[in-house]
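Report on the structure given below.
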Amino acid sequence: MKTILSALLALTMLAGTAAAADKPNFSGEWKMNAANSSFGPMPAPSSIVRKVTHAEPSLVIVEEQQGDGGPQNTTRKYTTDGKEMSFESQGPEVTSSAVWDVAALVVVSNVSVAGLQFVDRMTVSEDGKTLTSVVHITSAQGDLDIKLVFDRQ
C-alpha cells in the first residue's frame, strides 16, 4: 500500500511539472497581421504593436494601437494566478484577471461603467512565431467575437 501511495504521489508531481512546461512564454514584440485578423462589424485599427514581458507568473503587456480614433496606448500588468488588477483605458477603469487554461492564457476584463466584458483567450503557435487573441465581447448591444493575429518581430 505504501508503494502504491508513493507511486501515485510521484506521478502527481510529474504531471504538475509537465503541465507547467506546457505553458508558453508570450515575451516578445508582436505586430498585428491585419490579413489574418478579423474584427467583424467593428472598424479594424491600422496597426497594433504588443510588447510582452512574461516571467511566470508576471505578465506585462504594453500595447500601441493606431486607428481612426487616433493613437491608443495601454499598459497592463497581470499575474497568471487570477489575482484581480485594474488599469485605465482611454478614461474608464478596467478590472481584469488572468488564468491558465492548459496552454491558453484567459484574460477576463470588465469595464463596469460601460457594461462591457472582454474574454481574451491568448495562445502562441508551436513554432513561437504567432500569437493569437480570440476575444469574446459581451455588451448590452449583444455579443461579438474578434480575432487578433500577431507575428513575432
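We label chains A, B, ... in the order they appear in the C-alpha cells, count residues from 1 in each chain, and number ligands from 1 in the order shown.
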
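If you count only C-alpha atoms and ignore residues fewer than 3 places along the chain from stretch 136-151 of chain A, what sits within 7 Å of it is A:Trp30, A:Lys31, A:Met32, A:Asn33, A:Asn36, A:Ser37, A:Ser38, A:Phe39, A:Gly40, A:Gly115, A:Leu116, A:Gln117, A:Phe118, A:Val119, A:Asp120, A:Lys129, A:Thr130, A:Leu131, A:Thr132, A:Ser133.
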
Quick one: DSSP strand (DSSP E or B) residues in chain A, as a ChimeraX atom specification? /A:28-32,38,47-55,58-66,72-79,81,85-88,93-101,104-111,116-124,130-139,142-152

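Relative to atom CA of A:Val52, atom CA of A:Gln66 is found at 17.8 Å.
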
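Among the candidate residues A:Ser125, A:Ser96, A:Thr79, A:Ser112, the one lying nearest to A:Ser58 is A:Thr79, with distances computed using only C-alpha atoms.
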
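Distance-wise, atom CA of A:Ala114 and atom CA of A:Gly91 end up 11.2 Å apart.
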
Excluding stretch 67-69 of chain A and any residue of its chain fewer than 6 positions from it, enumerate the residues within 10 Å of it, using only C-alpha atoms, and give them as a ChimeraX atom specification. /A:43-48

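Across A:Val124, A:Val111, A:Ala55, A:Val49, the tightest approach to A:Glu93 is made by A:Val111 when counting only C-alpha atoms.
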
If we count only C-alpha atoms and set the cut-off at 8 Å, which residues sit around A:Ser27, ignoring sequence neighbours fewer than 3 positions away in its own chain? Please answer as a list of chain:residue names. A:Lys51, A:Val52, A:Thr53, A:His54

Write the residues of the selection above to a file with N, CA, C and O atoms, as a JSON list (two decimals), in the first residue's frame.
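Saved result, part28.json, follows:
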```json
[["chain", "number", "residue", "atom", "x", "y", "z"],
["A", 51, "LYS", "N", 3.96, 44.66, -26.99],
["A", 51, "LYS", "CA", 5.25, 44.27, -26.40],
["A", 51, "LYS", "C", 4.95, 43.56, -25.08],
["A", 51, "LYS", "O", 4.34, 44.14, -24.19],
["A", 52, "VAL", "N", 5.39, 42.32, -24.99],
["A", 52, "VAL", "CA", 5.05, 41.49, -23.85],
["A", 52, "VAL", "C", 6.32, 41.08, -23.11],
["A", 52, "VAL", "O", 7.29, 40.63, -23.72],
["A", 53, "THR", "N", 6.28, 41.24, -21.79],
["A", 53, "THR", "CA", 7.33, 40.74, -20.92],
["A", 53, "THR", "C", 6.67, 39.72, -20.01],
["A", 53, "THR", "O", 5.78, 40.04, -19.23],
["A", 54, "HIS", "N", 7.09, 38.46, -20.12],
["A", 54, "HIS", "CA", 6.44, 37.36, -19.41],
["A", 54, "HIS", "C", 7.49, 36.56, -18.66],
["A", 54, "HIS", "O", 8.34, 35.92, -19.25]]
```

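Every protein or nucleic acid residue with an atom no more than 7 Å from stretch 70-77 of chain A, counting only C-alpha atoms and leaving out same-chain residues fewer than 2 positions away, appears here: Leu59, Val60, Ile61, Val62, Glu63, Glu64, Gln65, Gln66, Gly67, Asp68, Phe87 and Ser89 of chain A.
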
Take the selection from the previous step and output its residues with N, CA, C and O atoms, as a tab-separated table (two decimals), in the first residue's frame.
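out.tsv written:
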```
chain	number	residue	atom	x	y	z
A	59	LEU	N	3.08	39.02	-16.03
A	59	LEU	CA	2.87	39.27	-17.44
A	59	LEU	C	2.57	40.76	-17.62
A	59	LEU	O	1.63	41.28	-17.02
A	60	VAL	N	3.39	41.45	-18.40
A	60	VAL	CA	3.20	42.87	-18.67
A	60	VAL	C	3.00	43.04	-20.18
A	60	VAL	O	3.82	42.57	-20.97
A	61	ILE	N	1.90	43.70	-20.55
A	61	ILE	CA	1.59	43.95	-21.96
A	61	ILE	C	1.53	45.45	-22.18
A	61	ILE	O	0.74	46.15	-21.55
A	62	VAL	N	2.40	45.95	-23.06
A	62	VAL	CA	2.37	47.35	-23.47
A	62	VAL	C	1.89	47.35	-24.91
A	62	VAL	O	2.52	46.73	-25.78
A	63	GLU	N	0.76	48.00	-25.15
A	63	GLU	CA	0.15	47.94	-26.47
A	63	GLU	C	-0.01	49.34	-27.05
A	63	GLU	O	-0.49	50.24	-26.38
A	64	GLU	N	0.41	49.47	-28.31
A	64	GLU	CA	0.26	50.71	-29.07
A	64	GLU	C	-0.63	50.42	-30.25
A	64	GLU	O	-0.33	49.53	-31.05
A	65	GLN	N	-1.73	51.15	-30.33
A	65	GLN	CA	-2.72	50.91	-31.39
A	65	GLN	C	-2.95	52.21	-32.16
A	65	GLN	O	-3.08	53.28	-31.57
A	66	GLN	N	-3.00	52.11	-33.48
A	66	GLN	CA	-3.30	53.24	-34.36
A	66	GLN	C	-4.59	52.95	-35.10
A	66	GLN	O	-4.78	51.83	-35.59
A	67	GLY	N	-5.46	53.95	-35.17
A	67	GLY	CA	-6.71	53.76	-35.89
A	67	GLY	C	-7.39	55.09	-36.12
A	67	GLY	O	-6.80	56.16	-35.89
A	68	ASP	N	-8.64	55.03	-36.58
A	68	ASP	CA	-9.39	56.25	-36.87
A	68	ASP	C	-9.53	57.15	-35.66
A	68	ASP	O	-9.58	58.37	-35.79
A	87	PHE	N	-6.62	48.93	-14.50
A	87	PHE	CA	-5.89	49.92	-15.27
A	87	PHE	C	-6.91	50.82	-15.95
A	87	PHE	O	-8.09	50.50	-16.01
A	89	SER	N	-8.23	52.64	-19.43
A	89	SER	CA	-8.17	52.51	-20.88
A	89	SER	C	-9.00	53.64	-21.49
A	89	SER	O	-10.23	53.58	-21.47
```

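Between atom CA of A:Tyr78 and atom CA of A:Ala103 there is a distance of 16.6 Å.
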
So that I can check the secondary structure, give me every residue of stretch 2-141 of chain A assigned helix (DSSP H, G or I) by backbone DSSP, as a list in words. Lys2, Thr3, Ile4, Leu5, Ser6, Ala7, Leu8, Leu9, Ala10, Leu11, Thr12, Met13, Leu14, Ala15, Gly16, Thr17, Ala18, Ala19, Ala20, Ala21, Ser112, Val113 and Ala114 of chain A

Rank A:Val106, A:Val113, A:Gln153, A:Thr80 by their smallest atom-to-atom distance to A:Pro92, using only C-alpha atoms, and report the top residue only. A:Val113
